[in-house]
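Just model-v9.json here, JSON, C-alpha atoms:
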```json
[["chain", "number", "residue", "atom", "x", "y", "z"],
["H", 1, "MET", "CA", 122.54, 51.08, 145.15],
["H", 2, "ILE", "CA", 122.31, 49.23, 148.46],
["H", 3, "THR", "CA", 125.52, 49.08, 150.47],
["H", 4, "HIS", "CA", 126.08, 47.17, 153.68],
["H", 5, "LYS", "CA", 129.10, 47.03, 155.95],
["H", 6, "LEU", "CA", 129.40, 43.93, 158.07],
["H", 7, "GLY", "CA", 130.36, 44.17, 161.66],
["H", 8, "ASN", "CA", 128.81, 42.10, 164.42],
["H", 9, "VAL", "CA", 125.05, 42.51, 164.44],
["H", 10, "ALA", "CA", 125.31, 44.21, 161.08],
["H", 11, "ALA", "CA", 126.86, 41.03, 159.80],
["H", 12, "ARG", "CA", 123.38, 39.62, 159.38],
["H", 13, "SER", "CA", 122.55, 41.82, 156.44],
["H", 14, "ALA", "CA", 126.06, 41.49, 155.09],
["H", 15, "LYS", "CA", 125.77, 37.78, 155.19],
["H", 16, "VAL", "CA", 122.62, 38.03, 153.22],
["H", 17, "ALA", "CA", 124.44, 39.78, 150.51],
["H", 18, "GLY", "CA", 127.25, 37.42, 151.02],
["H", 19, "MET", "CA", 124.92, 34.61, 150.25],
["H", 20, "ALA", "CA", 123.87, 36.22, 147.08],
["H", 21, "VAL", "CA", 127.50, 36.51, 146.28],
["H", 22, "LEU", "CA", 127.95, 32.96, 147.13],
["H", 23, "VAL", "CA", 125.19, 32.41, 144.77],
["H", 24, "GLY", "CA", 127.28, 34.08, 142.19],
["H", 25, "THR", "CA", 130.54, 33.09, 143.81],
["H", 26, "PHE", "CA", 131.66, 30.91, 146.61],
["H", 27, "SER", "CA", 130.58, 30.74, 150.14],
["H", 28, "LEU", "CA", 132.24, 27.52, 151.00],
["H", 29, "VAL", "CA", 132.78, 25.64, 154.17],
["H", 30, "ALA", "CA", 135.30, 22.90, 154.69],
["H", 31, "ALA", "CA", 134.62, 19.34, 155.70],
["H", 32, "PRO", "CA", 133.22, 16.98, 153.12],
["H", 33, "ARG", "CA", 134.16, 13.77, 154.91],
["H", 34, "ALA", "CA", 131.35, 11.50, 156.02],
["H", 35, "GLN", "CA", 132.57, 11.60, 159.59],
["H", 36, "ALA", "CA", 132.65, 15.40, 159.45],
["H", 37, "ILE", "CA", 136.33, 15.38, 160.39],
["H", 38, "PRO", "CA", 138.54, 17.33, 157.96],
["H", 39, "LEU", "CA", 141.48, 15.49, 156.46],
["H", 40, "LEU", "CA", 144.92, 16.19, 157.93],
["H", 41, "VAL", "CA", 147.03, 17.23, 154.94],
["H", 42, "THR", "CA", 150.80, 17.72, 154.86],
["H", 43, "PHE", "CA", 151.70, 20.76, 152.73],
["H", 44, "ASP", "CA", 155.14, 21.39, 151.23],
["H", 45, "PRO", "CA", 155.27, 24.93, 149.78],
["H", 46, "SER", "CA", 159.05, 25.00, 149.31],
["H", 47, "GLY", "CA", 159.03, 21.61, 147.61],
["H", 48, "ALA", "CA", 156.41, 22.97, 145.21],
["H", 49, "GLY", "CA", 158.71, 25.84, 144.19],
["H", 50, "LEU", "CA", 157.09, 28.59, 146.25],
["H", 51, "GLY", "CA", 160.40, 29.62, 147.82],
["H", 52, "GLY", "CA", 162.18, 29.54, 151.15],
["H", 53, "SER", "CA", 163.13, 26.51, 153.19],
["H", 54, "ILE", "CA", 159.80, 25.86, 154.85],
["H", 55, "THR", "CA", 159.50, 22.60, 156.74],
["H", 56, "PRO", "CA", 156.43, 20.66, 155.54],
["H", 57, "PHE", "CA", 153.54, 21.19, 157.97],
["H", 58, "GLN", "CA", 150.16, 19.62, 158.66],
["H", 59, "SER", "CA", 146.88, 21.51, 158.41],
["H", 60, "THR", "CA", 143.20, 20.59, 158.46],
["H", 61, "THR", "CA", 141.45, 23.87, 157.60],
["H", 62, "GLN", "CA", 142.26, 27.23, 156.07],
["H", 63, "ASN", "CA", 140.59, 30.64, 155.91],
["H", 64, "GLY", "CA", 140.94, 33.92, 154.13],
["H", 65, "LEU", "CA", 139.45, 36.70, 152.04],
["H", 66, "ASP", "CA", 136.65, 36.29, 149.48],
["H", 67, "GLU", "CA", 136.44, 38.87, 146.66],
["H", 68, "ALA", "CA", 133.59, 38.17, 144.23],
["H", 69, "ARG", "CA", 131.21, 39.84, 141.79],
["H", 70, "ALA", "CA", 127.96, 38.28, 140.59],
["H", 71, "VAL", "CA", 125.61, 39.28, 137.80],
["H", 72, "ILE", "CA", 122.11, 38.00, 138.58],
["H", 73, "LYS", "CA", 119.35, 37.97, 135.98],
["H", 74, "SER", "CA", 115.75, 38.68, 136.90],
["H", 75, "ASN", "CA", 114.97, 34.93, 136.68],
["H", 76, "GLY", "CA", 117.62, 34.16, 139.30],
["H", 77, "SER", "CA", 120.28, 32.72, 137.02],
["H", 78, "PHE", "CA", 123.72, 34.18, 137.67],
["H", 79, "THR", "CA", 127.35, 34.23, 136.65],
["H", 80, "GLU", "CA", 130.10, 34.98, 139.13],
["H", 81, "THR", "CA", 133.81, 35.62, 139.10],
["H", 82, "GLY", "CA", 136.04, 35.87, 142.10],
["H", 83, "VAL", "CA", 139.33, 35.34, 143.88],
["H", 84, "LEU", "CA", 139.97, 33.71, 147.23],
["H", 85, "ARG", "CA", 143.08, 34.82, 149.07],
["H", 86, "PHE", "CA", 144.28, 32.28, 151.63],
["H", 87, "ASP", "CA", 145.46, 33.98, 154.82],
["H", 88, "VAL", "CA", 145.77, 31.22, 157.42],
["H", 89, "PHE", "CA", 146.59, 27.53, 157.66],
["H", 90, "ASN", "CA", 145.09, 25.99, 160.82],
["H", 91, "ASP", "CA", 146.30, 22.93, 162.72],
["H", 92, "PRO", "CA", 143.86, 20.24, 163.97],
["H", 93, "SER", "CA", 143.04, 22.37, 167.05],
["H", 94, "SER", "CA", 142.08, 25.30, 164.75],
["H", 95, "THR", "CA", 145.19, 27.20, 165.84],
["H", 96, "PRO", "CA", 146.88, 29.25, 163.09],
["H", 97, "ILE", "CA", 150.21, 27.80, 161.97],
["H", 98, "SER", "CA", 152.87, 30.51, 162.27],
["H", 99, "THR", "CA", 155.57, 28.60, 160.36],
["H", 100, "SER", "CA", 153.62, 28.04, 157.11],
["H", 101, "GLY", "CA", 155.30, 30.96, 155.30],
["H", 102, "LEU", "CA", 151.90, 32.02, 153.93],
["H", 103, "GLY", "CA", 151.70, 35.75, 153.37],
["H", 104, "THR", "CA", 155.45, 36.24, 153.66],
["H", 105, "THR", "CA", 157.42, 33.73, 151.62],
["H", 106, "TYR", "CA", 154.56, 33.05, 149.22],
["H", 107, "GLY", "CA", 150.91, 33.85, 148.53],
["H", 108, "LEU", "CA", 148.10, 31.39, 147.83],
["H", 109, "TYR", "CA", 144.97, 32.17, 145.79],
["H", 110, "LEU", "CA", 142.04, 30.45, 144.16],
["H", 111, "THR", "CA", 140.53, 32.12, 141.09],
["H", 112, "PHE", "CA", 137.13, 30.97, 139.86],
["H", 113, "THR", "CA", 134.19, 31.51, 137.56],
["H", 114, "ALA", "CA", 130.77, 30.05, 138.30],
["H", 115, "THR", "CA", 127.17, 29.89, 137.12],
["H", 116, "GLY", "CA", 124.03, 28.92, 138.97],
["H", 117, "ASN", "CA", 120.42, 29.69, 139.75],
["H", 118, "LEU", "CA", 118.50, 31.17, 142.69],
["H", 119, "VAL", "CA", 114.88, 30.08, 142.86],
["H", 120, "GLY", "CA", 112.63, 32.86, 144.13],
["H", 121, "PHE", "CA", 115.14, 35.65, 143.58],
["H", 122, "ASP", "CA", 113.42, 39.06, 143.67],
["H", 123, "PRO", "CA", 115.30, 41.85, 141.86],
["H", 124, "ALA", "CA", 113.27, 44.42, 143.78],
["H", 125, "ASN", "CA", 114.40, 42.89, 147.09],
["H", 126, "PRO", "CA", 117.56, 40.84, 146.49],
["H", 127, "ALA", "CA", 117.92, 39.97, 150.20],
["H", 128, "ALA", "CA", 114.52, 38.22, 150.25],
["H", 129, "PRO", "CA", 114.54, 34.43, 150.85],
["H", 130, "SER", "CA", 115.65, 32.28, 147.91],
["H", 131, "SER", "CA", 117.63, 29.11, 147.40],
["H", 132, "GLY", "CA", 119.42, 27.30, 144.61],
["H", 133, "THR", "CA", 122.57, 25.61, 143.40],
["H", 134, "PHE", "CA", 125.64, 26.16, 141.31],
["H", 135, "SER", "CA", 125.47, 24.65, 137.84],
["H", 136, "SER", "CA", 129.15, 25.03, 136.98],
["H", 137, "ILE", "CA", 132.40, 26.15, 138.57],
["H", 138, "SER", "CA", 135.89, 26.32, 137.12],
["H", 139, "TYR", "CA", 138.83, 27.19, 139.36],
["H", 140, "SER", "CA", 142.61, 27.25, 139.68],
["H", 141, "LEU", "CA", 144.66, 27.10, 142.88],
["H", 142, "ILE", "CA", 147.63, 29.41, 142.38],
["H", 143, "GLY", "CA", 150.88, 29.81, 144.33],
["H", 144, "ASP", "CA", 152.70, 33.14, 144.27],
["H", 145, "PRO", "CA", 156.45, 32.76, 144.99],
["H", 146, "GLY", "CA", 157.71, 35.83, 146.83],
["H", 147, "HIS", "CA", 154.21, 37.01, 147.74],
["H", 148, "GLN", "CA", 154.24, 39.83, 145.18],
["H", 149, "ASP", "CA", 150.87, 39.48, 143.45],
["H", 150, "THR", "CA", 148.21, 42.17, 143.80],
["H", 151, "LEU", "CA", 144.47, 41.62, 144.21],
["H", 152, "SER", "CA", 141.91, 44.28, 143.35],
["H", 153, "SER", "CA", 138.64, 44.45, 145.29],
["H", 154, "ALA", "CA", 135.29, 43.44, 143.84],
["H", 155, "LYS", "CA", 133.22, 46.46, 142.81],
["H", 156, "ILE", "CA", 129.85, 47.03, 141.19],
["H", 157, "GLY", "CA", 131.63, 48.16, 138.04],
["H", 158, "ALA", "CA", 134.54, 45.72, 138.04],
["H", 159, "LYS", "CA", 135.29, 42.13, 138.96],
["H", 160, "PRO", "CA", 138.23, 41.35, 141.26],
["H", 161, "VAL", "CA", 141.51, 40.75, 139.45],
["H", 162, "LEU", "CA", 144.62, 38.87, 140.59],
["H", 163, "THR", "CA", 147.74, 40.28, 138.90],
["H", 164, "ASP", "CA", 150.78, 38.00, 138.54],
["H", 165, "VAL", "CA", 153.60, 40.38, 139.48],
["H", 166, "GLY", "CA", 156.84, 38.90, 138.23],
["H", 167, "SER", "CA", 155.10, 36.40, 135.93],
["H", 168, "ASN", "CA", 156.16, 33.55, 138.20],
["H", 169, "ASP", "CA", 152.88, 32.17, 139.55],
["H", 170, "ILE", "CA", 152.58, 28.39, 139.81],
["H", 171, "VAL", "CA", 149.33, 26.51, 139.18],
["H", 172, "LEU", "CA", 149.05, 23.95, 141.99],
["H", 173, "ALA", "CA", 145.67, 22.44, 141.12],
["H", 174, "THR", "CA", 142.58, 22.94, 138.98],
["H", 175, "GLY", "CA", 139.00, 21.80, 139.23],
["H", 176, "GLY", "CA", 135.49, 22.09, 137.93],
["H", 177, "SER", "CA", 133.39, 19.07, 138.85],
["H", 178, "LEU", "CA", 130.56, 19.73, 141.31],
["H", 179, "LEU", "CA", 129.99, 17.01, 143.90],
["H", 180, "THR", "CA", 127.73, 18.93, 146.28],
["H", 181, "THR", "CA", 126.40, 22.50, 146.14],
["H", 182, "SER", "CA", 123.85, 24.48, 148.09],
["H", 183, "VAL", "CA", 123.09, 28.20, 148.16],
["H", 184, "SER", "CA", 120.31, 30.10, 149.92],
["H", 185, "ILE", "CA", 119.15, 33.36, 151.42],
["H", 186, "ASN", "CA", 117.16, 32.50, 154.53],
["H", 187, "THR", "CA", 114.17, 34.23, 156.12],
["H", 188, "LEU", "CA", 116.53, 36.48, 158.07],
["H", 189, "GLY", "CA", 118.11, 37.62, 154.83],
["H", 190, "ILE", "CA", 121.33, 35.73, 155.58],
["H", 191, "PRO", "CA", 123.04, 34.18, 152.54],
["H", 192, "THR", "CA", 124.73, 30.81, 152.98],
["H", 193, "ALA", "CA", 126.40, 28.32, 150.64],
["H", 194, "SER", "CA", 128.49, 25.19, 150.70],
["H", 195, "VAL", "CA", 130.35, 23.44, 147.93],
["H", 196, "VAL", "CA", 132.44, 20.32, 147.47],
["H", 197, "LEU", "CA", 134.49, 20.42, 144.27],
["H", 198, "GLY", "CA", 136.61, 17.86, 142.49],
["H", 199, "MET", "CA", 140.28, 18.80, 142.18],
["H", 200, "THR", "CA", 143.18, 17.70, 139.99],
["H", 201, "GLN", "CA", 146.70, 18.33, 141.27],
["H", 202, "ALA", "CA", 149.06, 19.99, 138.79],
["H", 203, "GLY", "CA", 152.07, 17.75, 139.42],
["H", 204, "THR", "CA", 153.81, 19.73, 142.17],
["H", 205, "SER", "CA", 154.56, 18.43, 145.67],
["H", 206, "PHE", "CA", 152.41, 21.06, 147.36],
["H", 207, "PHE", "CA", 150.11, 18.31, 148.67],
["H", 208, "LYS", "CA", 152.82, 16.12, 150.15],
["H", 209, "ALA", "CA", 150.55, 13.66, 151.97],
["H", 210, "PRO", "CA", 148.27, 11.98, 151.40],
["H", 211, "PRO", "CA", 149.23, 12.02, 147.71],
["H", 212, "ASP", "CA", 145.67, 11.50, 146.48],
["H", 213, "VAL", "CA", 144.06, 14.73, 147.75],
["H", 214, "ASN", "CA", 141.36, 15.43, 145.16],
["H", 215, "LEU", "CA", 138.62, 17.54, 146.77],
["H", 216, "PHE", "CA", 138.23, 21.19, 147.73],
["H", 217, "ALA", "CA", 135.40, 22.13, 150.10],
["H", 218, "ALA", "CA", 134.53, 25.62, 151.26],
["H", 219, "SER", "CA", 131.97, 27.75, 153.05],
["H", 220, "PHE", "CA", 131.51, 31.44, 152.47],
["H", 221, "THR", "CA", 130.46, 33.27, 155.60],
["H", 222, "ASN", "CA", 131.39, 36.67, 154.15],
["H", 223, "SER", "CA", 131.15, 38.13, 157.62],
["H", 224, "PRO", "CA", 132.77, 40.32, 158.63],
["H", 225, "GLY", "CA", 132.83, 42.02, 155.26],
["H", 226, "THR", "CA", 131.02, 44.39, 152.95],
["H", 227, "PHE", "CA", 128.65, 43.95, 150.04],
["H", 228, "GLU", "CA", 126.48, 46.01, 147.77],
["H", 229, "PHE", "CA", 123.66, 45.40, 145.31],
["H", 230, "ALA", "CA", 123.07, 47.69, 142.34],
["H", 231, "PRO", "CA", 120.99, 47.58, 139.15],
["H", 232, "GLY", "CA", 122.91, 46.32, 136.14],
["H", 233, "ALA", "CA", 122.37, 46.35, 132.40],
["H", 234, "ASN", "CA", 119.34, 44.64, 130.84],
["H", 235, "GLY", "CA", 117.47, 44.19, 134.11],
["H", 236, "THR", "CA", 120.27, 42.39, 135.94],
["H", 237, "THR", "CA", 121.34, 42.89, 139.55],
["H", 238, "ILE", "CA", 125.03, 43.30, 140.34],
["H", 239, "LEU", "CA", 126.38, 42.04, 143.63],
["H", 240, "ALA", "CA", 129.90, 42.94, 144.78],
["H", 241, "ILE", "CA", 131.27, 41.40, 147.94],
["H", 242, "THR", "CA", 134.37, 41.43, 150.09],
["H", 243, "GLY", "CA", 134.02, 38.80, 152.78],
["H", 244, "ALA", "CA", 135.47, 35.72, 154.43],
["H", 245, "PHE", "CA", 135.65, 32.00, 153.68],
["H", 246, "ASN", "CA", 136.62, 28.75, 155.40],
["H", 247, "ASP", "CA", 137.85, 25.70, 153.54],
["H", 248, "ASN", "CA", 139.65, 22.38, 153.62],
["H", 249, "PHE", "CA", 141.22, 19.96, 151.18],
["H", 250, "ASP", "CA", 140.14, 16.35, 151.22],
["H", 251, "LYS", "CA", 139.88, 13.18, 149.19],
["H", 252, "VAL", "CA", 136.99, 10.97, 148.12],
["H", 253, "PRO", "CA", 136.28, 8.59, 151.01],
["H", 254, "GLU", "CA", 136.38, 4.84, 150.48],
["H", 255, "PRO", "CA", 134.24, 3.33, 149.08],
["H", 256, "THR", "CA", 130.92, 5.07, 149.59],
["H", 257, "GLY", "CA", 132.33, 8.56, 149.76],
["H", 258, "LEU", "CA", 130.20, 10.36, 147.25],
["H", 259, "ALA", "CA", 126.99, 9.00, 148.71],
["H", 260, "VAL", "CA", 127.70, 10.50, 152.11],
["H", 261, "LEU", "CA", 129.49, 13.75, 151.29],
["H", 262, "GLY", "CA", 126.35, 15.68, 152.12],
["H", 263, "THR", "CA", 126.44, 14.43, 155.71],
["H", 264, "GLY", "CA", 129.84, 15.95, 156.24],
["H", 265, "LEU", "CA", 128.63, 19.27, 154.90],
["H", 266, "LEU", "CA", 126.17, 19.59, 157.77],
["H", 267, "ALA", "CA", 129.09, 20.08, 160.14],
["H", 268, "LEU", "CA", 131.03, 22.54, 157.99],
["H", 269, "GLY", "CA", 129.92, 25.57, 159.91],
["H", 270, "LEU", "CA", 131.25, 24.05, 163.14],
["H", 271, "LEU", "CA", 134.83, 23.78, 161.96],
["H", 272, "GLY", "CA", 136.12, 27.11, 163.10],
["H", 273, "ARG", "CA", 135.53, 30.74, 162.47],
["H", 274, "TRP", "CA", 137.75, 33.25, 160.85],
["H", 275, "ARG", "CA", 138.82, 36.19, 162.93],
["H", 276, "PRO", "CA", 140.13, 39.26, 161.08],
["H", 277, "ALA", "CA", 143.60, 40.48, 162.00],
["H", 278, "ALA", "CA", 143.63, 43.42, 164.40]]
```
Can the structure from this file be put into structure tokens for me?
Amino acid sequence: MITHKLGNVAARSAKVAGMAVLVGTFSLVAAPRAQAIPLLVTFDPSGAGLGGSITPFQSTTQNGLDEARAVIKSNGSFTETGVLRFDVFNDPSSTPISTSGLGTTYGLYLTFTATGNLVGFDPANPAAPSSGTFSSISYSLIGDPGHQDTLSSAKIGAKPVLTDVGSNDIVLATGGSLLTTSVSINTLGIPTASVVLGMTQAGTSFFKAPPDVNLFAASFTNSPGTFEFAPGANGTTILAITGAFNDNFDKVPEPTGLAVLGTGLLALGLLGRWRPAA
């Protein structure tokens, strides 16, 4: 078993594993718009039934915790399951919004399953350079009124699990269509990934404006964080990761949006970096 803890310089190797996780999971960045400027979205948690009397607020990007577990076959194909826990809404200046109610009045999570392939994956050296794409992703954006849900960490022997305490969770959106995906482990052993996913709102007023928000974009830095590789059954490699992600919600640009989404992705890493709470 290979275990890495990410700190500052150590984050390099953690990222590498993070990438592999991304390979199996997400490592998303946020900013699919052609002009590389994230969409300003007005969120209304209370109007969506998440509790409290929160005044609708505007946010461009979000960040939080990435818990994921990937099973990678010797040929590089993988399946991944994970949970993203949103911790911060940021305003257009990348300043955390203190009045969002997130983490106190309600919780916000994204659960997902994914498949994909890493070309050049070496089971004997999983941090060696490789690259690939996701072939499928299915996810649900979930609101937790009262912020009571529990989230277990990803482990070699167990995938992360979000438990609906109180049986009152609200599905805010779902998705599965892949518009843009990229995953890789570079020559420094650093894993990176970016994804733009189609999204269907579930009929709540969580996305107050614009009403036609229909994209979720994310980047998984997974640093700081921890990850570990270990041999699995039937020649597979198991990757467990606890890391960080950045994201934003968006909508398909008019009218050539899909043709230029990739351009916006190039700037995803510049949007802002997550800093863990002290």
Inset, instruction - For each of H:Pro45, H:Gly101, H:Pro38, H:Pro126, take the minimum atom-to-atom distance to Gly76 in chain H, counting all atoms listed in the file, then give the residue where this is smallest. - result: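 Checking each of H:Pro45, H:Gly101, H:Pro38, H:Pro126 against Gly76 in chain H, counting all atoms listed in the file, the winner is H:Pro126.
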Inset, instruction - Please identify all polymer residues within 8 Å of Pro92 in chain H, counting all atoms listed in the file, omitting same-chain residues fewer than 6 positions from it, and present them as a PyMOL selection string. - result: chain H and resi 40+59-61
Keeping C-alpha atoms, export the residues of the selection given above as an mmCIF file, in the frame of the given file.
```cif
data_model
loop_
_atom_site.group_PDB
_atom_site.id
_atom_site.type_symbol
_atom_site.label_atom_id
_atom_site.label_comp_id
_atom_site.auth_asym_id
_atom_site.auth_seq_id
_atom_site.Cartn_x
_atom_site.Cartn_y
_atom_site.Cartn_z
ATOM 1 C CA LEU H 40 144.920 16.190 157.930
ATOM 2 C CA SER H 59 146.880 21.510 158.410
ATOM 3 C CA THR H 60 143.200 20.590 158.460
ATOM 4 C CA THR H 61 141.450 23.870 157.600
#
```
If we count all atoms listed in the file, what is near Ala124 in chain H at a cut-off of 10 Å, once residues fewer than 5 positions away on the same chain are taken out, given as an mmCIF file with C-alpha atoms, in the frame of the given file?
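Okay, out.cif is ready:
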```cif
data_model
loop_
_atom_site.group_PDB
_atom_site.id
_atom_site.type_symbol
_atom_site.label_atom_id
_atom_site.label_comp_id
_atom_site.auth_asym_id
_atom_site.auth_seq_id
_atom_site.Cartn_x
_atom_site.Cartn_y
_atom_site.Cartn_z
ATOM 1 C CA SER H 74 115.750 38.680 136.900
ATOM 2 C CA PRO H 231 120.990 47.580 139.150
ATOM 3 C CA THR H 237 121.340 42.890 139.550
#
```
Inset, instruction - Measure the distance from CA of Ala240 in chain H to CA of Ala158 in chain H in Å and round it to one decimal. - result: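 It comes out at 8.6 Å.
Nearest-residue note for Glu80 in chain H: choosing from H:Glu67, H:Asp247, H:Asp144, H:Asp122, the minimum distance belongs to H:Glu67, counting all atoms listed in the file.
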Using all atoms listed in the file, find all polymer residues with an atom at most 9 Å away from the point (139.2, 45.0, 147.5); report them as a PDB file with C-alpha atoms, in the frame of the given file.
```pdb
ATOM      1  CA  GLU H  67     136.440  38.870 146.660  1.00  0.00           C
ATOM      2  CA  LEU H 151     144.470  41.620 144.210  1.00  0.00           C
ATOM      3  CA  SER H 152     141.910  44.280 143.350  1.00  0.00           C
ATOM      4  CA  SER H 153     138.640  44.450 145.290  1.00  0.00           C
ATOM      5  CA  ALA H 154     135.290  43.440 143.840  1.00  0.00           C
ATOM      6  CA  LYS H 155     133.220  46.460 142.810  1.00  0.00           C
ATOM      7  CA  PRO H 160     138.230  41.350 141.260  1.00  0.00           C
ATOM      8  CA  ILE H 241     131.270  41.400 147.940  1.00  0.00           C
ATOM      9  CA  THR H 242     134.370  41.430 150.090  1.00  0.00           C
TER      10      THR H 242
END
```
